[in-house]
Structure formats: structure tokens, C-alpha cells
Amino acid sequence: MNALILAAGLGTRLGKLTADRPKALVEVAGHTMLEYQLRRLSAAGFEHFVINIHHFAPKVRAFLEENGNFGLDIRLSDESQLLLDTGGGIRRAFRLFENEDPVLVHNVDIFSDTDLGALYRGHAGSGADATLLVAHRTTSRYLYFDADGMLCGWSNGKTGQVRSPLEGFDRTRYSPCAFQGIHVLSRTVLPYLDSVPQEKFSITDFYVDNAGRLRLRSVLQDPANWADAGKPETLADAERIIRGNQ
């Protein structure tokens with residue numbers, strides 16, 4: 001099984017913790033975020049990895065070399081020349097996998113008790129182009145899904161913006177969910193990714209723009225055991241989840 005770890009980014013929300021290292025090398029519960037994700041994904045049955053890097057990229061390379069890639073098949077997608085955002089980063093990294101299997105995409109700073117192997121296998125048997133892990137939690141930006149769990153639109157509570165490729169979209173008729181930073185993509189998505197003219201673009205924007213053309217399926221997660229450790233105040237939540245997964 002294939003897994004892409006999105007480790008690129010400036011890590012600015014972590015303040016001084018990323019003054020001399022990338023977010024991926026910030027420690028939680030005694031280990032770097034990157035090591036934790038690699039070990040967790042490997043234990044779930046994932047065998048082939050791509051990690052996208054940018055901020056302090058040489059430090060990530062050195063860390064992996066010093067640890068012998070943790071005995072795993074790991075390739076790097078280096079965005080040091082241009083940070084490609086999530087969509088552009090996924091598009092570039094996809095081609096570093098040598099098989100046609102779907103790819104699980106996992107943000108390096110997301111911690112949860114999700115059964116990642118089951119999520120991957122469920123996607124593979126669903127016929128969907130992508131499967132997004134979502135939850136009913138408060139956020140400023142919601143994705144909207146129909147009764148069949150398919151993506152139909154998006155809203156930004158701060159700006160009041162609502163977007164959907166569906167004519168006459170009325171968000172009150174759909175279920176609002178928050179994206180959990182974990183998703184699975186099949187190769188069927190690649191031609192649509194390739195049609196985006198910009199090098200740098202958001203995967204969320206891509207999903208919303210293509211909701212009328214692709215089958216973008218949701219899987220609902222309990223938000224209680226999930227944390228975005230991209231902020232100092234949520235590192236304790238991530239540590240709690242790590243302890244629970246041990």
C-alpha cells in the first residue's frame with residue numbers, strides 16, 4: 001500500500017519550535033512527528049512512502065539517512081525551489097510511486113486513532129475517486145456532503161463565501177463536515193490534477209471544483225480522538241492520542 005506524508009510547509013503556527021527545524025522534526029511524546037507517522041503507517045500495512053519536503057529540507061534528508069529510512073521504502077519530493085501547496089504537492093509526489101495502487105495522503109501534524117489500513121481498503125473497494133476522512137466538529141470552513149456521502153460544496157464562515165459546481169446549490173440541504181487531513185486518492189484523479197494550470201494549488205479547492213465530475217466520498221470519524229498538532233497548544237492533545245495508540 002502507498003502512503004504520501006505531507007511534511008512540507010513553514011510550520012509558522014508552531015512559533016519558536018520551528019525556528020531551527022521543520023515541523024516534521026518537532027517532537028511529540030519523545031519522537032518526531034515524522035517518525036511517529038512512518039511507524040504508525042508501516043504498522044498499518046503501508047509499504048511504499050513519499051514524503052514532500054521544503055522548509056529545512058536538508059535536515060529531513062539527514063534525519064532519514066541517520067535512521068536508515070527506518071527500514072522503509074521512502075522517496076522524497078523536494079519542493080525547496082517552490083512550495084506547491086497541498087494540491088501541487090500531491091500531483092508531483094504521485095508520480096514517485098511505481099505502482100498503480102491508490103495513495104493515502106496524511107498530513108504530518110495530524111494525530112488520530114483512525115484505522116488507516118481499513119480506510120485505505122474501504123476506499124479501494126468503494127469505486128470512489130477519492131475518500132476524505134471528515135468529522136462533525138466546529139470549524140470556519142465546511143465541506144458539504146449529500147445523503148450518499150458525496151462531496152457537493154464548501155463554505156468559509158469567516159468570509160461568507162460558498163462554492164459548489166452544482167447549479168442551485170443550497171448548503172442547508174447538505175451535511176456540513178470538517179476535513180480531517182487524511183484522504184485516499186486513486187489514479188483516476190491524476191488527469192484532473194494535471195488539468196490544473198497552476199503549479200501551486202490547494203487540494204481542497206481542487207476537490208470542490210471537481211465535485212461534479214469525480215466521486216469524492218466521505219468517511220465520518222469521531223473527532224474526540226483527533227488532533228491537529230500544528231499549534232503549540234494542541235501538542236498535548238497529540239501526545240494523549242499517541243499514548244492511547246500504544
# chains A, B, ... in the order shown; residues from 1 in each chain; ligands from 1
call {"tool": "closest_atom_pairs", "arguments": {"of": "range 101-131 of chain A", "to": "range 49-52 of chain A", "cutoff": "12 Å", "atoms": "only C-alpha atoms", "output": "tab-separated table"}}
result
residue	atom	partner	partner_atom	distance
A:Val103	CA	A:Phe49	CA	9.2
A:Leu104	CA	A:Phe49	CA	9.6
A:Val105	CA	A:Val50	CA	9.6
A:His106	CA	A:Ile51	CA	9.8
A:Asn107	CA	A:Ile51	CA	10.0
A:Val108	CA	A:Ile51	CA	9.3
call {"tool": "select_by_dssp", "arguments": {"residues": "range 87-155 of chain A", "states": "helix (DSSP H, G or I)", "output": "list in words"}}
result
Gly87, Gly88, Gly89, Ile90, Arg91, Arg92, Ala93, Phe94, Leu116, Gly117, Ala118, Leu119, Tyr120, Arg121, Gly122, His123 and Ala124 of chain A
call {"tool": "write_last_selection", "arguments": {"atoms": "N, CA and C atoms", "output": "tab-separated table (two decimals), in the first residue's frame"}}
result
chain	number	residue	atom	x	y	z
A	87	GLY	N	-2.32	20.62	-3.16
A	87	GLY	CA	-2.69	20.06	-4.46
A	87	GLY	C	-1.50	19.84	-5.36
A	88	GLY	N	-0.67	20.88	-5.51
A	88	GLY	CA	0.51	20.75	-6.35
A	88	GLY	C	1.48	19.74	-5.80
A	89	GLY	N	1.59	19.67	-4.46
A	89	GLY	CA	2.48	18.70	-3.84
A	89	GLY	C	2.03	17.27	-4.07
A	90	ILE	N	0.75	17.04	-3.96
A	90	ILE	CA	0.21	15.70	-4.22
A	90	ILE	C	0.42	15.31	-5.67
A	91	ARG	N	0.15	16.22	-6.58
A	91	ARG	CA	0.31	15.92	-8.01
A	91	ARG	C	1.74	15.50	-8.32
A	92	ARG	N	2.73	16.24	-7.80
A	92	ARG	CA	4.12	15.90	-8.08
A	92	ARG	C	4.51	14.57	-7.43
A	93	ALA	N	4.12	14.39	-6.17
A	93	ALA	CA	4.54	13.20	-5.43
A	93	ALA	C	3.92	11.92	-5.99
A	94	PHE	N	2.72	12.01	-6.53
A	94	PHE	CA	2.00	10.85	-7.04
A	94	PHE	C	2.87	10.05	-8.01
A	116	LEU	N	-6.09	3.29	9.71
A	116	LEU	CA	-5.70	3.78	8.39
A	116	LEU	C	-5.72	2.68	7.34
A	117	GLY	N	-5.38	1.46	7.73
A	117	GLY	CA	-5.45	0.35	6.79
A	117	GLY	C	-6.87	0.09	6.34
A	118	ALA	N	-7.81	0.15	7.29
A	118	ALA	CA	-9.22	-0.06	6.95
A	118	ALA	C	-9.74	1.06	6.06
A	119	LEU	N	-9.32	2.30	6.33
A	119	LEU	CA	-9.72	3.43	5.50
A	119	LEU	C	-9.25	3.22	4.06
A	120	TYR	N	-8.01	2.78	3.90
A	120	TYR	CA	-7.43	2.54	2.58
A	120	TYR	C	-8.18	1.42	1.85
A	121	ARG	N	-8.38	0.31	2.54
A	121	ARG	CA	-9.05	-0.83	1.90
A	121	ARG	C	-10.50	-0.50	1.57
A	122	GLY	N	-11.15	0.28	2.44
A	122	GLY	CA	-12.52	0.69	2.16
A	122	GLY	C	-12.61	1.54	0.92
A	123	HIS	N	-11.63	2.42	0.74
A	123	HIS	CA	-11.60	3.23	-0.47
A	123	HIS	C	-11.42	2.35	-1.70
A	124	ALA	N	-10.48	1.42	-1.63
A	124	ALA	CA	-10.17	0.58	-2.78
A	124	ALA	C	-11.39	-0.21	-3.25
call {"tool": "residues_around", "arguments": {"residues": "range 159-167 of chain A", "least_positions_apart": "4", "cutoff": "9 Å", "atoms": "only C-alpha atoms", "output": "list in words"}}
result
Cys152, Gly153, Trp154, Ser155, Arg171, Val208, Asp209, Asn210, Ala211 and Gly212 of chain A
call {"tool": "write_last_selection", "arguments": {"atoms": "C-alpha atoms", "output": "short mmCIF file (atom, residue, chain, number, x, y, z; two decimals), in the first residue's frame"}}
result
data_model
loop_
_atom_site.label_atom_id
_atom_site.label_comp_id
_atom_site.auth_asym_id
_atom_site.auth_seq_id
_atom_site.Cartn_x
_atom_site.Cartn_y
_atom_site.Cartn_z
CA CYS A 152 -21.09 18.74 -3.18
CA GLY A 153 -19.79 22.07 -1.86
CA TRP A 154 -17.78 24.19 0.58
CA SER A 155 -18.19 27.29 2.72
CA ARG A 171 -25.93 24.21 1.64
CA VAL A 208 -14.65 21.35 -4.57
CA ASP A 209 -14.08 22.42 -8.19
CA ASN A 210 -14.33 18.79 -9.36
CA ALA A 211 -17.16 17.60 -7.12
CA GLY A 212 -19.47 17.41 -10.13
#
call {"tool": "residues_around", "arguments": {"residues": "Glu47 in chain A", "least_positions_apart": "6", "cutoff": "9 Å", "atoms": "only C-alpha atoms", "output": "mmCIF file with N, CA and C atoms, in the first residue's frame"}}
result
data_model
loop_
_atom_site.group_PDB
_atom_site.id
_atom_site.type_symbol
_atom_site.label_atom_id
_atom_site.label_comp_id
_atom_site.auth_asym_id
_atom_site.auth_seq_id
_atom_site.Cartn_x
_atom_site.Cartn_y
_atom_site.Cartn_z
ATOM 1 N N MET A 1 0.846 -1.187 0.000
ATOM 2 C CA MET A 1 0.000 0.000 0.000
ATOM 3 C C MET A 1 0.884 1.241 0.000
ATOM 4 N N ASN A 2 0.411 2.290 -0.643
ATOM 5 C CA ASN A 2 1.164 3.537 -0.804
ATOM 6 C C ASN A 2 0.709 4.599 0.181
ATOM 7 N N ALA A 3 1.657 5.382 0.710
ATOM 8 C CA ALA A 3 1.301 6.487 1.604
ATOM 9 C C ALA A 3 2.171 7.696 1.298
ATOM 10 N N LEU A 41 2.072 4.242 10.108
ATOM 11 C CA LEU A 41 1.621 3.814 8.784
ATOM 12 C C LEU A 41 2.217 2.457 8.409
ATOM 13 N N LEU A 72 12.385 1.402 5.638
ATOM 14 C CA LEU A 72 11.229 1.510 4.749
ATOM 15 C C LEU A 72 11.632 1.997 3.354
ATOM 16 N N ASP A 73 10.753 1.756 2.397
ATOM 17 C CA ASP A 73 10.919 2.268 1.032
ATOM 18 C C ASP A 73 10.408 3.699 1.014
ATOM 19 N N ILE A 74 11.326 4.663 1.063
ATOM 20 C CA ILE A 74 10.954 6.073 1.157
ATOM 21 C C ILE A 74 11.596 6.861 0.020
#
call {"tool": "select_by_dssp", "arguments": {"residues": "range 13-222 of chain A", "states": "strand (DSSP E)", "output": "mmCIF file with C-alpha atoms, in the first residue's frame"}}
result
data_model
loop_
_atom_site.group_PDB
_atom_site.id
_atom_site.type_symbol
_atom_site.label_atom_id
_atom_site.label_comp_id
_atom_site.auth_asym_id
_atom_site.auth_seq_id
_atom_site.Cartn_x
_atom_site.Cartn_y
_atom_site.Cartn_z
ATOM 1 C CA GLU A 27 8.973 16.096 18.847
ATOM 2 C CA VAL A 28 5.744 14.812 20.356
ATOM 3 C CA HIS A 31 9.704 11.223 18.933
ATOM 4 C CA THR A 32 9.496 13.447 15.889
ATOM 5 C CA HIS A 48 5.822 2.498 -0.052
ATOM 6 C CA PHE A 49 6.257 6.095 1.072
ATOM 7 C CA VAL A 50 6.780 9.508 -0.444
ATOM 8 C CA ILE A 51 7.456 12.498 1.792
ATOM 9 C CA ASN A 52 7.231 16.011 0.411
ATOM 10 C CA ILE A 53 9.770 18.400 1.918
ATOM 11 C CA ASP A 73 10.919 2.268 1.032
ATOM 12 C CA ILE A 74 10.954 6.073 1.157
ATOM 13 C CA ARG A 75 11.283 8.642 -1.619
ATOM 14 C CA LEU A 76 11.369 12.407 -1.276
ATOM 15 C CA SER A 77 9.504 15.015 -3.295
ATOM 16 C CA ASP A 78 11.601 18.135 -2.799
ATOM 17 C CA VAL A 103 -2.318 6.635 -2.320
ATOM 18 C CA LEU A 104 -3.206 7.513 1.258
ATOM 19 C CA VAL A 105 -2.321 11.161 1.946
ATOM 20 C CA HIS A 106 -1.612 12.068 5.569
ATOM 21 C CA ASN A 107 -0.616 15.477 6.964
ATOM 22 C CA ILE A 110 -2.416 15.109 12.200
ATOM 23 C CA PHE A 111 -2.815 12.574 15.007
ATOM 24 C CA SER A 112 -5.800 10.250 15.365
ATOM 25 C CA ALA A 130 -11.093 9.858 -3.558
ATOM 26 C CA THR A 131 -12.139 9.204 0.028
ATOM 27 C CA LEU A 132 -11.961 12.039 2.557
ATOM 28 C CA LEU A 133 -11.888 11.488 6.300
ATOM 29 C CA VAL A 134 -14.244 14.049 7.878
ATOM 30 C CA ALA A 135 -15.893 14.780 11.214
ATOM 31 C CA ARG A 141 -14.580 26.036 6.681
ATOM 32 C CA TYR A 142 -17.010 23.232 5.971
ATOM 33 C CA LEU A 143 -17.310 20.633 3.238
ATOM 34 C CA TYR A 144 -20.876 19.629 2.342
ATOM 35 C CA PHE A 145 -21.937 16.067 1.531
ATOM 36 C CA LEU A 151 -18.911 15.976 -1.776
ATOM 37 C CA CYS A 152 -21.092 18.740 -3.177
ATOM 38 C CA GLY A 153 -19.786 22.072 -1.860
ATOM 39 C CA TRP A 154 -17.782 24.192 0.579
ATOM 40 C CA SER A 155 -18.191 27.289 2.722
ATOM 41 C CA ASN A 156 -15.987 29.726 4.619
ATOM 42 C CA GLN A 161 -18.125 32.509 0.705
ATOM 43 C CA VAL A 162 -19.994 29.437 -0.556
ATOM 44 C CA ARG A 163 -18.767 27.365 -3.510
ATOM 45 C CA SER A 175 -24.403 17.706 5.781
ATOM 46 C CA PRO A 176 -21.544 20.038 6.869
ATOM 47 C CA CYS A 177 -18.313 18.318 7.900
ATOM 48 C CA ALA A 178 -14.744 19.304 8.731
ATOM 49 C CA PHE A 179 -11.868 17.791 6.765
ATOM 50 C CA GLN A 180 -9.519 15.755 8.975
ATOM 51 C CA GLY A 181 -6.306 15.991 6.907
ATOM 52 C CA ILE A 182 -6.334 12.326 5.818
ATOM 53 C CA HIS A 183 -7.582 11.140 2.438
ATOM 54 C CA VAL A 184 -7.082 8.410 -0.189
ATOM 55 C CA LEU A 185 -6.781 9.092 -3.919
ATOM 56 C CA LEU A 216 -15.475 12.207 -3.778
ATOM 57 C CA ARG A 217 -16.626 10.039 -0.915
ATOM 58 C CA SER A 218 -16.639 10.813 2.799
ATOM 59 C CA VAL A 219 -15.891 8.622 5.796
ATOM 60 C CA LEU A 220 -17.060 10.033 9.110
ATOM 61 C CA GLN A 221 -14.760 9.965 12.137
#
call {"tool": "residues_around", "arguments": {"residues": "range 225-233 of chain A", "least_positions_apart": "6", "cutoff": "8 Å", "atoms": "only C-alpha atoms", "output": "VMD selection string"}}
result
chain A and resid 11 13 to 15 23 109 to 113 241
call {"tool": "atom_distance", "arguments": {"atom1": "CA of Phe201 in chain A", "atom2": "CA of Ala24 in chain A"}}
result
21.1 Å
call {"tool": "residues_around", "arguments": {"residues": "Pro22 in chain A", "least_positions_apart": "5", "cutoff": "9 Å", "atoms": "only C-alpha atoms", "output": "list in words"}}
result
Ala7, Ala8, Gly9, Leu10, Gly11, Leu17, Ile53, His54, His55, Phe56, Ala57, Lys59 and Val60 of chain A
call {"tool": "atom_distance", "arguments": {"atom1": "CA of Phe46 in chain A", "atom2": "CA of Arg21 in chain A"}}
result
26.4 Å
call {"tool": "atom_distance", "arguments": {"atom1": "CA of Arg61 in chain A", "atom2": "CA of Ser42 in chain A"}}
result
19.0 Å
call {"tool": "closest_residue", "arguments": {"among": "A:Ala224, A:Leu82, A:Leu235, A:Val189", "to": "Pro102 in chain A", "atoms": "only C-alpha atoms"}}
result
A:Val189
call {"tool": "decode", "arguments": {"residues": "range 74-108 of chain A", "atoms": "N, CA and C atoms", "output": "compact mmCIF listing (two decimals), in the first residue's frame"}}
result
# COMPACT_ATOMS: atom_id res chain seq x y z
N ILE A 74 11.33 4.66 1.06
CA ILE A 74 10.95 6.07 1.16
C ILE A 74 11.60 6.86 0.02
N ARG A 75 10.79 7.70 -0.62
CA ARG A 75 11.28 8.64 -1.62
C ARG A 75 10.87 10.05 -1.20
N LEU A 76 11.63 11.03 -1.65
CA LEU A 76 11.37 12.41 -1.28
C LEU A 76 10.95 13.22 -2.49
N SER A 77 9.94 14.05 -2.29
CA SER A 77 9.50 15.01 -3.30
C SER A 77 9.91 16.39 -2.78
N ASP A 78 10.98 16.92 -3.33
CA ASP A 78 11.60 18.13 -2.80
C ASP A 78 11.00 19.38 -3.44
N GLU A 79 10.36 20.22 -2.61
CA GLU A 79 9.75 21.45 -3.07
C GLU A 79 10.54 22.68 -2.62
N SER A 80 11.85 22.50 -2.42
CA SER A 80 12.67 23.59 -1.92
C SER A 80 12.66 24.81 -2.83
N GLN A 81 12.52 24.59 -4.13
CA GLN A 81 12.51 25.70 -5.08
C GLN A 81 11.17 26.41 -5.12
N LEU A 82 10.09 25.67 -4.84
CA LEU A 82 8.75 26.26 -4.86
C LEU A 82 7.82 25.38 -4.04
N LEU A 83 7.28 25.94 -2.96
CA LEU A 83 6.30 25.22 -2.16
C LEU A 83 4.99 25.15 -2.94
N LEU A 84 4.53 23.94 -3.21
CA LEU A 84 3.45 23.72 -4.17
C LEU A 84 2.05 23.68 -3.56
N ASP A 85 1.93 23.87 -2.24
CA ASP A 85 0.65 23.73 -1.55
C ASP A 85 0.21 22.27 -1.64
N THR A 86 -0.91 21.95 -1.05
CA THR A 86 -1.29 20.54 -0.95
C THR A 86 -1.61 19.90 -2.30
N GLY A 87 -2.32 20.62 -3.16
CA GLY A 87 -2.69 20.06 -4.46
C GLY A 87 -1.50 19.84 -5.36
N GLY A 88 -0.67 20.88 -5.51
CA GLY A 88 0.51 20.75 -6.35
C GLY A 88 1.48 19.74 -5.80
N GLY A 89 1.59 19.67 -4.46
CA GLY A 89 2.48 18.70 -3.84
C GLY A 89 2.03 17.27 -4.07
N ILE A 90 0.75 17.04 -3.96
CA ILE A 90 0.21 15.70 -4.22
C ILE A 90 0.42 15.31 -5.67
N ARG A 91 0.15 16.22 -6.58
CA ARG A 91 0.31 15.92 -8.01
C ARG A 91 1.74 15.50 -8.32
N ARG A 92 2.73 16.24 -7.80
CA ARG A 92 4.12 15.90 -8.08
C ARG A 92 4.51 14.57 -7.43
N ALA A 93 4.12 14.39 -6.17
CA ALA A 93 4.54 13.20 -5.43
C ALA A 93 3.92 11.92 -5.99
N PHE A 94 2.72 12.01 -6.53
CA PHE A 94 2.00 10.85 -7.04
C PHE A 94 2.87 10.05 -8.01
N ARG A 95 3.65 10.75 -8.80
CA ARG A 95 4.43 10.09 -9.85
C ARG A 95 5.67 9.38 -9.33
N LEU A 96 5.96 9.53 -8.07
CA LEU A 96 7.10 8.83 -7.49
C LEU A 96 6.74 7.44 -7.01
N PHE A 97 5.46 7.11 -7.01
CA PHE A 97 5.04 5.74 -6.72
C PHE A 97 5.09 4.92 -8.00
N GLU A 98 5.64 3.73 -7.91
CA GLU A 98 5.89 2.93 -9.11
C GLU A 98 4.76 1.96 -9.43
N ASN A 99 3.72 1.90 -8.62
CA ASN A 99 2.59 1.02 -8.93
C ASN A 99 1.33 1.85 -9.13
N GLU A 100 0.27 1.18 -9.48
CA GLU A 100 -0.99 1.86 -9.80
C GLU A 100 -1.96 1.90 -8.61
N ASP A 101 -1.50 1.51 -7.44
CA ASP A 101 -2.38 1.46 -6.28
C ASP A 101 -2.79 2.86 -5.83
N PRO A 102 -3.92 2.97 -5.13
CA PRO A 102 -4.29 4.26 -4.54
C PRO A 102 -3.22 4.75 -3.57
N VAL A 103 -3.28 6.02 -3.24
CA VAL A 103 -2.32 6.64 -2.32
C VAL A 103 -3.07 7.24 -1.15
N LEU A 104 -2.68 6.86 0.06
CA LEU A 104 -3.21 7.51 1.26
C LEU A 104 -2.36 8.75 1.52
N VAL A 105 -3.00 9.89 1.68
CA VAL A 105 -2.32 11.16 1.95
C VAL A 105 -2.59 11.53 3.39
N HIS A 106 -1.50 11.82 4.13
CA HIS A 106 -1.61 12.07 5.57
C HIS A 106 -0.76 13.28 5.94
N ASN A 107 -1.38 14.33 6.48
CA ASN A 107 -0.62 15.48 6.96
C ASN A 107 0.26 15.04 8.14
N VAL A 108 1.50 15.50 8.16
CA VAL A 108 2.44 15.05 9.18
C VAL A 108 2.02 15.46 10.59
